[in-house]
>>> print(open('data-v6.pdb').read())   # PDB, C-alpha atoms and all ligand atoms
MODEL        1
ATOM      1  CA  MET X  15      -4.186  -5.384  15.133
ATOM      2  CA  ALA X  16      -7.722  -5.059  13.882
ATOM      3  CA  GLY X  17     -10.226  -7.813  14.170
ATOM      4  CA  ASP X  18     -12.203  -7.030  11.055
ATOM      5  CA  VAL X  19     -11.756  -3.570   9.583
ATOM      6  CA  LEU X  20     -13.896  -4.414   6.558
ATOM      7  CA  GLY X  21     -17.113  -4.383   8.514
ATOM      8  CA  ALA X  22     -20.278  -5.890   7.157
ATOM      9  CA  ASP X  23     -20.508  -4.142   3.758
ATOM     10  CA  PRO X  24     -20.670  -7.009   1.236
ATOM     11  CA  ALA X  25     -19.681  -4.745  -1.688
ATOM     12  CA  ILE X  26     -16.444  -3.699   0.008
ATOM     13  CA  ARG X  27     -15.765  -7.267   1.066
ATOM     14  CA  ALA X  28     -16.241  -8.485  -2.515
ATOM     15  CA  ALA X  29     -14.031  -5.728  -3.941
ATOM     16  CA  TRP X  30     -11.271  -6.473  -1.447
ATOM     17  CA  SER X  31     -11.417 -10.178  -2.236
ATOM     18  CA  ARG X  32     -10.423  -9.374  -5.837
ATOM     19  CA  VAL X  33      -7.340  -7.294  -4.976
ATOM     20  CA  ARG X  34      -4.075  -8.513  -6.482
ATOM     21  CA  LEU X  35      -1.898  -5.393  -6.262
ATOM     22  CA  LEU X  36      -1.238  -3.601  -2.976
ATOM     23  CA  ILE X  37       0.031  -0.045  -3.524
ATOM     24  CA  LEU X  38       1.578   1.567  -0.475
ATOM     25  CA  ASP X  39       2.431   5.161   0.170
ATOM     26  CA  VAL X  40       5.616   5.266   2.258
ATOM     27  CA  ASP X  41       5.749   8.295   4.582
ATOM     28  CA  GLY X  42       2.906   8.128   7.067
ATOM     29  CA  VAL X  43       1.794   4.659   5.924
ATOM     30  CA  LEU X  44       4.835   2.385   6.098
ATOM     31  CA  THR X  45       6.384   4.900   8.510
ATOM     32  CA  ASP X  46       4.970   7.164  11.214
ATOM     33  CA  GLY X  47       5.686  10.114   8.937
ATOM     34  CA  GLY X  48       8.784  11.128  10.869
ATOM     35  CA  ILE X  49      11.895  11.897   8.862
ATOM     36  CA  TYR X  50      15.163  11.927  10.759
ATOM     37  CA  LEU X  51      17.781  14.126   9.114
ATOM     38  CA  GLY X  52      21.476  13.871   9.918
ATOM     39  CA  ALA X  53      23.817  16.873   9.663
ATOM     40  CA  ASN X  54      25.306  15.365   6.510
ATOM     41  CA  GLY X  55      21.874  15.077   4.886
ATOM     42  CA  ALA X  56      21.484  11.384   5.646
ATOM     43  CA  GLU X  57      17.843  10.437   6.048
ATOM     44  CA  PHE X  58      16.438   7.815   8.387
ATOM     45  CA  LYS X  59      12.938   6.398   8.677
ATOM     46  CA  ARG X  60      11.439   3.890  11.058
ATOM     47  CA  PHE X  61       9.560   0.936   9.554
ATOM     48  CA  ASP X  62       7.400  -1.562  11.417
ATOM     49  CA  VAL X  63       8.557  -5.155  11.468
ATOM     50  CA  LYS X  64       4.947  -6.399  11.685
ATOM     51  CA  ASP X  65       4.156  -4.637   8.428
ATOM     52  CA  GLY X  66       7.190  -6.357   6.902
ATOM     53  CA  PHE X  67       5.961  -9.774   7.969
ATOM     54  CA  GLY X  68       2.510  -8.994   6.594
ATOM     55  CA  ILE X  69       3.999  -8.011   3.245
ATOM     56  CA  ALA X  70       5.882 -11.311   3.149
ATOM     57  CA  GLN X  71       2.607 -13.148   3.837
ATOM     58  CA  TRP X  72       0.841 -11.182   1.095
ATOM     59  CA  ARG X  73       3.582 -12.029  -1.417
ATOM     60  CA  ARG X  74       3.556 -15.697  -0.375
ATOM     61  CA  ALA X  75      -0.190 -15.736  -1.052
ATOM     62  CA  GLY X  76       0.562 -14.563  -4.599
ATOM     63  CA  GLY X  77      -0.090 -10.841  -4.149
ATOM     64  CA  LEU X  78       1.931  -8.052  -5.727
ATOM     65  CA  VAL X  79       3.113  -5.030  -3.783
ATOM     66  CA  ALA X  80       4.353  -1.624  -4.879
ATOM     67  CA  MET X  81       5.650   1.428  -3.051
ATOM     68  CA  LEU X  82       4.471   4.780  -4.412
ATOM     69  CA  THR X  83       5.970   7.916  -2.875
ATOM     70  CA  GLY X  84       6.386  11.563  -3.710
ATOM     71  CA  ARG X  85       9.714  11.704  -1.947
ATOM     72  CA  GLN X  86      13.035  10.358  -3.135
ATOM     73  CA  GLY X  87      15.659   8.551  -1.115
ATOM     74  CA  GLU X  88      17.839   5.508  -0.720
ATOM     75  CA  VAL X  89      16.024   4.447   2.454
ATOM     76  CA  VAL X  90      12.953   3.469   0.447
ATOM     77  CA  GLU X  91      15.018   1.451  -2.032
ATOM     78  CA  ALA X  92      16.732  -0.338   0.851
ATOM     79  CA  ARG X  93      13.459  -1.264   2.541
ATOM     80  CA  ALA X  94      11.944  -2.294  -0.807
ATOM     81  CA  ARG X  95      14.898  -4.585  -1.498
ATOM     82  CA  GLU X  96      14.659  -6.103   1.951
ATOM     83  CA  LEU X  97      10.971  -6.915   1.424
ATOM     84  CA  SER X  98      11.307  -7.965  -2.253
ATOM     85  CA  ILE X  99       8.790  -5.296  -3.244
ATOM     86  CA  ASP X 100       7.661  -5.841  -6.846
ATOM     87  CA  ALA X 101       7.825  -2.193  -7.950
ATOM     88  CA  VAL X 102       8.915   1.149  -6.515
ATOM     89  CA  ILE X 103       7.986   4.592  -7.807
ATOM     90  CA  GLN X 104       9.696   7.489  -6.058
ATOM     91  CA  GLY X 105       9.343  11.184  -6.777
ATOM     92  CA  SER X 106       5.747  10.735  -7.929
ATOM     93  CA  ARG X 107       4.016  13.984  -8.864
ATOM     94  CA  ASP X 108       0.716  12.325  -9.811
ATOM     95  CA  LYS X 109      -0.037   9.222  -7.809
ATOM     96  CA  GLY X 110      -3.219   8.558  -9.766
ATOM     97  CA  ALA X 111      -1.342   8.342 -13.060
ATOM     98  CA  ASP X 112       1.433   6.343 -11.442
ATOM     99  CA  ALA X 113      -1.028   3.896  -9.860
ATOM    100  CA  VAL X 114      -2.556   3.313 -13.308
ATOM    101  CA  ALA X 115       0.946   2.820 -14.729
ATOM    102  CA  LEU X 116       1.707   0.240 -12.036
ATOM    103  CA  CYS X 117      -1.474  -1.678 -12.858
ATOM    104  CA  ARG X 118      -0.610  -1.618 -16.553
ATOM    105  CA  ARG X 119       2.900  -2.858 -15.797
ATOM    106  CA  PHE X 120       1.472  -5.941 -14.108
ATOM    107  CA  GLY X 121      -1.470  -6.415 -16.462
ATOM    108  CA  ILE X 122      -3.927  -5.776 -13.648
ATOM    109  CA  ASP X 123      -7.213  -3.916 -13.877
ATOM    110  CA  PRO X 124      -7.156  -0.932 -11.446
ATOM    111  CA  THR X 125     -10.285  -2.330  -9.810
ATOM    112  CA  ALA X 126      -8.018  -5.124  -8.538
ATOM    113  CA  ALA X 127      -5.618  -2.667  -6.894
ATOM    114  CA  ILE X 128      -5.765  -1.166  -3.423
ATOM    115  CA  MET X 129      -4.128   2.105  -2.435
ATOM    116  CA  VAL X 130      -3.172   2.708   1.178
ATOM    117  CA  GLY X 131      -2.614   6.362   1.994
ATOM    118  CA  ASP X 132      -2.476   9.049   4.638
ATOM    119  CA  ASP X 133      -2.362  12.428   2.941
ATOM    120  CA  LEU X 134      -3.806  14.515   0.126
ATOM    121  CA  PRO X 135      -1.454  13.371  -2.674
ATOM    122  CA  ASP X 136      -2.855   9.861  -2.174
ATOM    123  CA  LEU X 137      -6.374  10.925  -3.156
ATOM    124  CA  SER X 138      -5.642  10.851  -6.896
ATOM    125  CA  ALA X 139      -4.636   7.196  -6.500
ATOM    126  CA  PHE X 140      -7.793   6.563  -4.451
ATOM    127  CA  ALA X 141      -9.755   7.834  -7.445
ATOM    128  CA  VAL X 142      -8.382   5.173  -9.793
ATOM    129  CA  CYS X 143      -8.008   2.115  -7.536
ATOM    130  CA  GLY X 144     -10.912  -0.226  -6.851
ATOM    131  CA  CYS X 145     -10.092  -0.382  -3.165
ATOM    132  CA  THR X 146      -8.817   2.192  -0.704
ATOM    133  CA  ALA X 147      -7.615   2.312   2.870
ATOM    134  CA  ALA X 148      -6.481   5.157   5.109
ATOM    135  CA  VAL X 149      -4.341   4.785   8.199
ATOM    136  CA  ALA X 150      -5.874   5.827  11.527
ATOM    137  CA  ASP X 151      -3.926   9.096  11.659
ATOM    138  CA  ALA X 152      -4.462  10.014   8.002
ATOM    139  CA  THR X 153      -5.554  13.555   7.272
ATOM    140  CA  PRO X 154      -9.378  13.885   7.594
ATOM    141  CA  ALA X 155     -10.055  14.196   3.845
ATOM    142  CA  VAL X 156      -8.206  10.944   3.213
ATOM    143  CA  ARG X 157     -10.044   9.149   5.995
ATOM    144  CA  ALA X 158     -13.337  10.413   4.605
ATOM    145  CA  ALA X 159     -12.492   9.185   1.095
ATOM    146  CA  ALA X 160     -11.305   5.694   2.108
ATOM    147  CA  GLN X 161     -13.453   2.557   2.111
ATOM    148  CA  VAL X 162     -11.649   1.445   5.243
ATOM    149  CA  VAL X 163      -9.765   3.287   7.995
ATOM    150  CA  THR X 164      -7.351   1.109   9.944
ATOM    151  CA  LEU X 165      -7.291   1.061  13.717
ATOM    152  CA  ALA X 166      -3.491   1.267  13.688
ATOM    153  CA  ARG X 167      -1.567   4.426  12.883
ATOM    154  CA  GLY X 168       0.866   4.704  10.009
ATOM    155  CA  GLY X 169       4.154   2.960  10.718
ATOM    156  CA  CYS X 170       2.545   1.095  13.612
ATOM    157  CA  GLY X 171       0.982  -1.951  11.967
ATOM    158  CA  ALA X 172      -1.561  -0.270   9.681
ATOM    159  CA  VAL X 173      -0.264  -2.080   6.599
ATOM    160  CA  ARG X 174      -0.339  -5.390   8.443
ATOM    161  CA  GLU X 175      -3.965  -4.687   9.321
ATOM    162  CA  VAL X 176      -4.847  -4.013   5.675
ATOM    163  CA  ILE X 177      -3.121  -7.214   4.566
ATOM    164  CA  GLU X 178      -4.925  -9.289   7.180
ATOM    165  CA  ALA X 179      -8.203  -7.808   5.973
ATOM    166  CA  LEU X 180      -7.288  -8.548   2.352
ATOM    167  CA  LEU X 181      -6.314 -12.126   3.109
ATOM    168  CA  GLY X 182      -9.341 -12.592   5.341
ATOM    169  CA  SER X 183     -11.697 -11.339   2.644
ATOM    170  CA  ARG X 184     -10.939 -14.247   0.333
ATOM    171  CA  SER X 185     -11.414 -17.932   0.887
ATOM    172  CA  GLU X 186      -8.779 -19.028  -1.628
ATOM    173  CA  GLY X 187      -5.312 -17.901  -2.651
ATOM    174  CA  ILE X 188      -4.867 -14.964  -4.969
ATOM    175  CA  VAL X 189      -5.150 -15.722  -8.668
ATOM    176  CA  ALA X 190      -1.705 -15.661 -10.238
ATOM    177  CA  PRO X 191      -1.046 -12.161 -11.570
ATOM    178  CA  GLY X 192      -0.284 -11.396 -15.180
ATOM    179  CA  VAL X 193       3.314 -11.724 -16.263
ATOM    180  CA  PRO X 194       5.157  -8.436 -15.654
ATOM    181  CA  ASP X 195       6.671  -6.872 -18.754
ATOM    182  CA  GLY X 196      10.132  -6.797 -17.199
ATOM    183  CA  SER X 197      10.245  -3.023 -16.811
ATOM    184  CA  VAL X 198       9.617  -3.213 -13.082
ATOM    185  CA  SER X 199      12.185  -1.191 -11.196
TER     186      SER X 199
HETATM  187 MG    MG O 201       2.187   9.863   3.040
ENDMDL
END
>>> encode(input="data-v6.pdb", output="structure tokens")
Amino acid sequence: MAGDVLGADPAIRAAWSRVRLLILDVDGVLTDGGIYLGANGAEFKRFDVKDGFGIAQWRRAGGLVAMLTGRQGEVVEARARELSIDAVIQGSRDKGADAVALCRRFGIDPTAAIMVGDDLPDLSAFAVCGCTAAVADATPAVRAAAQVVTLARGGCGAVREVIEALLGSRSEGIVAPGVPDGSVS
């Protein structure tokens, strides 16, 4: 777990303190990127329980969380249900557009959203979100584009690290988010 991944940059610290929506890529961020395929096509992924606890803390503090993935599968829905994730977008072909759509859904300015990613499709969401984080083993272009690179690898506590940084960057609870329009899936 990181001590303080935000470093000393006051601009980044201020931007992170305003975040209300945490947008998470799934493969390589919430998982180690491994996909286990059974002979019958069943798919398995390994999630990190520490990330799950961090997400619960973030939600308790009033934060919103969304999963945004280019893949499609029941595993993601199951994990999202387990963690009471506020919104899930699977099969995304344009994460930038989908990140904007998520912000609109919750009435949140994109500057108050953070995208956590590991690979090139995440860069379009980086371009529209006010805050960005890459996991330690993200592809180099994603690490270079991120405000913060976690010490932990994807699926190994990186999301927990981001949440601790987010919660540590503010002195008070998160301002209550706008009322969702009910179309959240
Ligand atoms: Mg990924």
>>> atom_distance(input="data-v6.pdb", atom1="atom CA of Thr45 of chain X", atom2="atom CA of Arg167 of chain X")
9.1 Å
>>> resolve_selection(input="data-v6.pdb", expression="the PyMOL selection byres (((not hetatm)) within 7 of (chain O and resi 201))", output="list in words")
Asp39, Val40, Asp41, Gly42, Val43, Gly47, Gly131, Asp132 and Asp133 of chain X
>>> atom_distance(input="data-v6.pdb", atom1="atom CA of Phe61 of chain X", atom2="atom CA of Arg27 of chain X")
27.9 Å
>>> atom_distance(input="data-v6.pdb", atom1="atom CA of Gly21 of chain X", atom2="atom CA of Ala152 of chain X")
19.2 Å
>>> residues_near_point(input="data-v6.pdb", point="(2.0, -9.9, -0.2)", cutoff="9 Å", atoms="all atoms listed in the file", output="number ranges by chain")
X: 34-36, 68-79, 99, 177
>>> resolve_selection(input="data-v6.pdb", expression="the PyMOL selection byres (((chain X and resi 102) around 7) and not hetatm)", output="PyMOL selection string")
chain X and resi 80-82+101+103-104+199
>>> closest_residue(input="data-v6.pdb", among="X:Gly110, X:Ile128, X:Asp65, X:Leu38", to="Glu178 of chain X", atoms="all atoms listed in the file")
X:Asp65
>>> resolve_selection(input="data-v6.pdb", expression="the PyMOL selection byres (((chain X and resi 134-149) around 9) and not hetatm)", output="JSON, numbers by chain")
{"X": [26, 29, 30, 33, 39, 42, 43, 84, 107, 108, 109, 110, 111, 112, 113, 114, 123, 124, 125, 126, 127, 128, 129, 130, 131, 132, 133, 150, 151, 152, 153, 155, 156, 157, 158, 159, 160, 161, 162, 163, 164, 165, 166, 167, 168, 172, 173, 176]}
>>> closest_residue(input="data-v6.pdb", among="X:Ile37, X:Ile122, X:Ser98, X:Tyr50", to="Thr83 of chain X", atoms="all atoms listed in the file")
X:Ile37
>>> closest_residue(input="data-v6.pdb", among="X:Gly105, X:Gly87, X:Gly48, X:Gly182", to="Val19 of chain X", atoms="all atoms listed in the file")
X:Gly182
>>> residues_near_point(input="data-v6.pdb", point="(17.1, 15.2, 1.7)", cutoff="9 Å", atoms="all atoms listed in the file", output="CSV table (one decimal) with C-alpha atoms, keeping the file's coordinate frame")
chain,number,residue,atom,x,y,z
X,51,LEU,CA,17.8,14.1,9.1
X,55,GLY,CA,21.9,15.1,4.9
X,56,ALA,CA,21.5,11.4,5.6
X,57,GLU,CA,17.8,10.4,6.0
X,85,ARG,CA,9.7,11.7,-1.9
X,86,GLN,CA,13.0,10.4,-3.1
X,87,GLY,CA,15.7,8.6,-1.1
>>> decode(input="data-v6.pdb", residues="segment 53-197 of chain X", atoms="C-alpha atoms", output="PDB file, in the first residue's frame")
ATOM      1  CA  ALA X  53     -13.391 -25.479 -21.932  1.00  0.00           C
ATOM      2  CA  ASN X  54     -17.072 -24.538 -21.933  1.00  0.00           C
ATOM      3  CA  GLY X  55     -16.252 -20.855 -22.444  1.00  0.00           C
ATOM      4  CA  ALA X  56     -16.722 -19.929 -18.798  1.00  0.00           C
ATOM      5  CA  GLU X  57     -14.542 -16.991 -17.831  1.00  0.00           C
ATOM      6  CA  PHE X  58     -12.897 -16.409 -14.473  1.00  0.00           C
ATOM      7  CA  LYS X  59     -11.044 -13.392 -13.132  1.00  0.00           C
ATOM      8  CA  ARG X  60      -9.273 -12.789  -9.860  1.00  0.00           C
ATOM      9  CA  PHE X  61     -10.214  -9.664  -7.895  1.00  0.00           C
ATOM     10  CA  ASP X  62      -8.411  -8.259  -4.870  1.00  0.00           C
ATOM     11  CA  VAL X  63     -10.295  -8.206  -1.599  1.00  0.00           C
ATOM     12  CA  LYS X  64      -8.368  -5.110  -0.446  1.00  0.00           C
ATOM     13  CA  ASP X  65      -9.630  -3.213  -3.469  1.00  0.00           C
ATOM     14  CA  GLY X  66     -13.153  -4.320  -2.542  1.00  0.00           C
ATOM     15  CA  PHE X  67     -12.798  -2.970   0.976  1.00  0.00           C
ATOM     16  CA  GLY X  68     -11.426   0.297  -0.385  1.00  0.00           C
ATOM     17  CA  ILE X  69     -14.403   0.650  -2.711  1.00  0.00           C
ATOM     18  CA  ALA X  70     -16.734   0.123   0.244  1.00  0.00           C
ATOM     19  CA  GLN X  71     -14.874   2.864   2.142  1.00  0.00           C
ATOM     20  CA  TRP X  72     -15.105   5.201  -0.856  1.00  0.00           C
ATOM     21  CA  ARG X  73     -18.862   4.617  -1.150  1.00  0.00           C
ATOM     22  CA  ARG X  74     -19.341   5.094   2.603  1.00  0.00           C
ATOM     23  CA  ALA X  75     -17.565   8.446   2.279  1.00  0.00           C
ATOM     24  CA  GLY X  76     -20.173   9.439  -0.317  1.00  0.00           C
ATOM     25  CA  GLY X  77     -18.192   8.678  -3.476  1.00  0.00           C
ATOM     26  CA  LEU X  78     -19.608   7.150  -6.640  1.00  0.00           C
ATOM     27  CA  VAL X  79     -17.905   4.320  -8.484  1.00  0.00           C
ATOM     28  CA  ALA X  80     -18.290   2.981 -12.005  1.00  0.00           C
ATOM     29  CA  MET X  81     -16.730   0.114 -13.925  1.00  0.00           C
ATOM     30  CA  LEU X  82     -15.855   0.853 -17.554  1.00  0.00           C
ATOM     31  CA  THR X  83     -14.599  -2.040 -19.674  1.00  0.00           C
ATOM     32  CA  GLY X  84     -14.214  -2.933 -23.311  1.00  0.00           C
ATOM     33  CA  ARG X  85     -14.921  -6.568 -22.610  1.00  0.00           C
ATOM     34  CA  GLN X  86     -18.248  -8.190 -21.864  1.00  0.00           C
ATOM     35  CA  GLY X  87     -19.002 -10.863 -19.311  1.00  0.00           C
ATOM     36  CA  GLU X  88     -21.074 -11.962 -16.367  1.00  0.00           C
ATOM     37  CA  VAL X  89     -18.051 -11.939 -14.053  1.00  0.00           C
ATOM     38  CA  VAL X  90     -17.960  -8.143 -14.105  1.00  0.00           C
ATOM     39  CA  GLU X  91     -21.679  -7.883 -13.343  1.00  0.00           C
ATOM     40  CA  ALA X  92     -21.254 -10.305 -10.443  1.00  0.00           C
ATOM     41  CA  ARG X  93     -18.366  -8.360  -8.926  1.00  0.00           C
ATOM     42  CA  ALA X  94     -20.201  -5.063  -9.492  1.00  0.00           C
ATOM     43  CA  ARG X  95     -23.269  -6.399  -7.687  1.00  0.00           C
ATOM     44  CA  GLU X  96     -21.160  -7.649  -4.814  1.00  0.00           C
ATOM     45  CA  LEU X  97     -19.574  -4.210  -4.377  1.00  0.00           C
ATOM     46  CA  SER X  98     -22.776  -2.198  -5.039  1.00  0.00           C
ATOM     47  CA  ILE X  99     -21.055  -0.406  -7.914  1.00  0.00           C
ATOM     48  CA  ASP X 100     -23.142   2.588  -9.022  1.00  0.00           C
ATOM     49  CA  ALA X 101     -22.798   2.039 -12.781  1.00  0.00           C
ATOM     50  CA  VAL X 102     -21.296  -0.531 -15.138  1.00  0.00           C
ATOM     51  CA  ILE X 103     -20.493  -0.052 -18.814  1.00  0.00           C
ATOM     52  CA  GLN X 104     -19.293  -3.161 -20.623  1.00  0.00           C
ATOM     53  CA  GLY X 105     -18.342  -3.520 -24.265  1.00  0.00           C
ATOM     54  CA  SER X 106     -17.139   0.084 -24.426  1.00  0.00           C
ATOM     55  CA  ARG X 107     -15.658   1.060 -27.785  1.00  0.00           C
ATOM     56  CA  ASP X 108     -14.897   4.655 -26.764  1.00  0.00           C
ATOM     57  CA  LYS X 109     -14.053   5.034 -23.110  1.00  0.00           C
ATOM     58  CA  GLY X 110     -13.752   8.803 -23.424  1.00  0.00           C
ATOM     59  CA  ALA X 111     -17.332   9.151 -24.642  1.00  0.00           C
ATOM     60  CA  ASP X 112     -18.532   6.629 -22.090  1.00  0.00           C
ATOM     61  CA  ALA X 113     -16.730   8.410 -19.239  1.00  0.00           C
ATOM     62  CA  VAL X 114     -18.478  11.648 -20.251  1.00  0.00           C
ATOM     63  CA  ALA X 115     -21.792   9.771 -20.372  1.00  0.00           C
ATOM     64  CA  LEU X 116     -21.194   8.429 -16.860  1.00  0.00           C
ATOM     65  CA  CYS X 117     -20.503  11.933 -15.550  1.00  0.00           C
ATOM     66  CA  ARG X 118     -23.663  13.226 -17.209  1.00  0.00           C
ATOM     67  CA  ARG X 119     -25.671  10.375 -15.704  1.00  0.00           C
ATOM     68  CA  PHE X 120     -24.635  11.454 -12.217  1.00  0.00           C
ATOM     69  CA  GLY X 121     -24.701  15.194 -12.872  1.00  0.00           C
ATOM     70  CA  ILE X 122     -20.971  15.448 -12.254  1.00  0.00           C
ATOM     71  CA  ASP X 123     -18.509  17.665 -14.081  1.00  0.00           C
ATOM     72  CA  PRO X 124     -15.785  15.477 -15.697  1.00  0.00           C
ATOM     73  CA  THR X 125     -13.183  17.467 -13.776  1.00  0.00           C
ATOM     74  CA  ALA X 126     -14.594  15.756 -10.669  1.00  0.00           C
ATOM     75  CA  ALA X 127     -14.037  12.279 -12.117  1.00  0.00           C
ATOM     76  CA  ILE X 128     -10.944  10.104 -11.948  1.00  0.00           C
ATOM     77  CA  MET X 129     -10.120   7.360 -14.427  1.00  0.00           C
ATOM     78  CA  VAL X 130      -7.900   4.481 -13.371  1.00  0.00           C
ATOM     79  CA  GLY X 131      -6.413   2.581 -16.288  1.00  0.00           C
ATOM     80  CA  ASP X 132      -3.687   0.296 -17.542  1.00  0.00           C
ATOM     81  CA  ASP X 133      -3.830   0.182 -21.321  1.00  0.00           C
ATOM     82  CA  LEU X 134      -4.268   2.270 -24.454  1.00  0.00           C
ATOM     83  CA  PRO X 135      -8.096   2.232 -24.613  1.00  0.00           C
ATOM     84  CA  ASP X 136      -8.077   4.051 -21.263  1.00  0.00           C
ATOM     85  CA  LEU X 137      -6.284   7.081 -22.708  1.00  0.00           C
ATOM     86  CA  SER X 138      -9.441   8.540 -24.268  1.00  0.00           C
ATOM     87  CA  ALA X 139     -11.006   8.543 -20.792  1.00  0.00           C
ATOM     88  CA  PHE X 140      -7.832  10.120 -19.379  1.00  0.00           C
ATOM     89  CA  ALA X 141      -8.360  12.942 -21.866  1.00  0.00           C
ATOM     90  CA  VAL X 142     -11.784  13.860 -20.480  1.00  0.00           C
ATOM     91  CA  CYS X 143     -11.425  13.194 -16.736  1.00  0.00           C
ATOM     92  CA  GLY X 144      -9.964  15.782 -14.381  1.00  0.00           C
ATOM     93  CA  CYS X 145      -7.866  13.183 -12.611  1.00  0.00           C
ATOM     94  CA  THR X 146      -5.998  10.125 -13.825  1.00  0.00           C
ATOM     95  CA  ALA X 147      -4.120   7.207 -12.348  1.00  0.00           C
ATOM     96  CA  ALA X 148      -2.236   4.305 -13.905  1.00  0.00           C
ATOM     97  CA  VAL X 149      -1.441   1.040 -12.180  1.00  0.00           C
ATOM     98  CA  ALA X 150       2.235   0.170 -11.684  1.00  0.00           C
ATOM     99  CA  ASP X 151       2.254  -2.357 -14.532  1.00  0.00           C
ATOM    100  CA  ALA X 152       0.263  -0.212 -16.969  1.00  0.00           C
ATOM    101  CA  THR X 153       1.603   0.065 -20.489  1.00  0.00           C
ATOM    102  CA  PRO X 154       4.268   2.838 -20.708  1.00  0.00           C
ATOM    103  CA  ALA X 155       2.091   5.313 -22.642  1.00  0.00           C
ATOM    104  CA  VAL X 156      -0.588   5.091 -19.965  1.00  0.00           C
ATOM    105  CA  ARG X 157       1.918   5.547 -17.164  1.00  0.00           C
ATOM    106  CA  ALA X 158       3.347   8.562 -18.964  1.00  0.00           C
ATOM    107  CA  ALA X 159      -0.104  10.128 -19.384  1.00  0.00           C
ATOM    108  CA  ALA X 160      -1.280   9.609 -15.783  1.00  0.00           C
ATOM    109  CA  GLN X 161      -1.037  12.185 -12.998  1.00  0.00           C
ATOM    110  CA  VAL X 162      -0.259   9.370 -10.596  1.00  0.00           C
ATOM    111  CA  VAL X 163       1.199   5.875 -11.015  1.00  0.00           C
ATOM    112  CA  THR X 164       0.395   3.510  -8.162  1.00  0.00           C
ATOM    113  CA  LEU X 165       3.053   1.439  -6.465  1.00  0.00           C
ATOM    114  CA  ALA X 166       0.794  -1.622  -6.599  1.00  0.00           C
ATOM    115  CA  ARG X 167       0.118  -3.594  -9.759  1.00  0.00           C
ATOM    116  CA  GLY X 168      -3.330  -4.051 -11.227  1.00  0.00           C
ATOM    117  CA  GLY X 169      -5.409  -6.561  -9.295  1.00  0.00           C
ATOM    118  CA  CYS X 170      -2.984  -6.327  -6.377  1.00  0.00           C
ATOM    119  CA  GLY X 171      -4.249  -3.350  -4.386  1.00  0.00           C
ATOM    120  CA  ALA X 172      -3.778  -0.563  -6.941  1.00  0.00           C
ATOM    121  CA  VAL X 173      -7.394   0.575  -6.644  1.00  0.00           C
ATOM    122  CA  ARG X 174      -7.146   0.560  -2.862  1.00  0.00           C
ATOM    123  CA  GLU X 175      -4.074   2.770  -3.169  1.00  0.00           C
ATOM    124  CA  VAL X 176      -5.930   5.252  -5.387  1.00  0.00           C
ATOM    125  CA  ILE X 177      -8.860   5.370  -2.968  1.00  0.00           C
ATOM    126  CA  GLU X 178      -6.590   5.968   0.012  1.00  0.00           C
ATOM    127  CA  ALA X 179      -4.964   8.812  -1.902  1.00  0.00           C
ATOM    128  CA  LEU X 180      -8.373  10.247  -2.808  1.00  0.00           C
ATOM    129  CA  LEU X 181      -9.633  10.059   0.756  1.00  0.00           C
ATOM    130  CA  GLY X 182      -6.349  11.388   2.102  1.00  0.00           C
ATOM    131  CA  SER X 183      -6.431  14.367  -0.246  1.00  0.00           C
ATOM    132  CA  ARG X 184      -9.538  15.822   1.367  1.00  0.00           C
ATOM    133  CA  SER X 185     -10.100  16.925   4.914  1.00  0.00           C
ATOM    134  CA  GLU X 186     -13.879  16.495   4.841  1.00  0.00           C
ATOM    135  CA  GLY X 187     -16.339  13.980   3.438  1.00  0.00           C
ATOM    136  CA  ILE X 188     -17.278  14.062  -0.209  1.00  0.00           C
ATOM    137  CA  VAL X 189     -20.021  16.495  -1.154  1.00  0.00           C
ATOM    138  CA  ALA X 190     -23.221  14.591  -1.839  1.00  0.00           C
ATOM    139  CA  PRO X 191     -23.391  13.813  -5.557  1.00  0.00           C
ATOM    140  CA  GLY X 192     -26.189  14.945  -7.814  1.00  0.00           C
ATOM    141  CA  VAL X 193     -29.263  12.764  -7.933  1.00  0.00           C
ATOM    142  CA  PRO X 194     -28.830  10.056 -10.591  1.00  0.00           C
ATOM    143  CA  ASP X 195     -31.447  10.093 -13.329  1.00  0.00           C
ATOM    144  CA  GLY X 196     -32.405   6.483 -12.657  1.00  0.00           C
ATOM    145  CA  SER X 197     -30.916   5.134 -15.877  1.00  0.00           C
TER     146      SER X 197
END
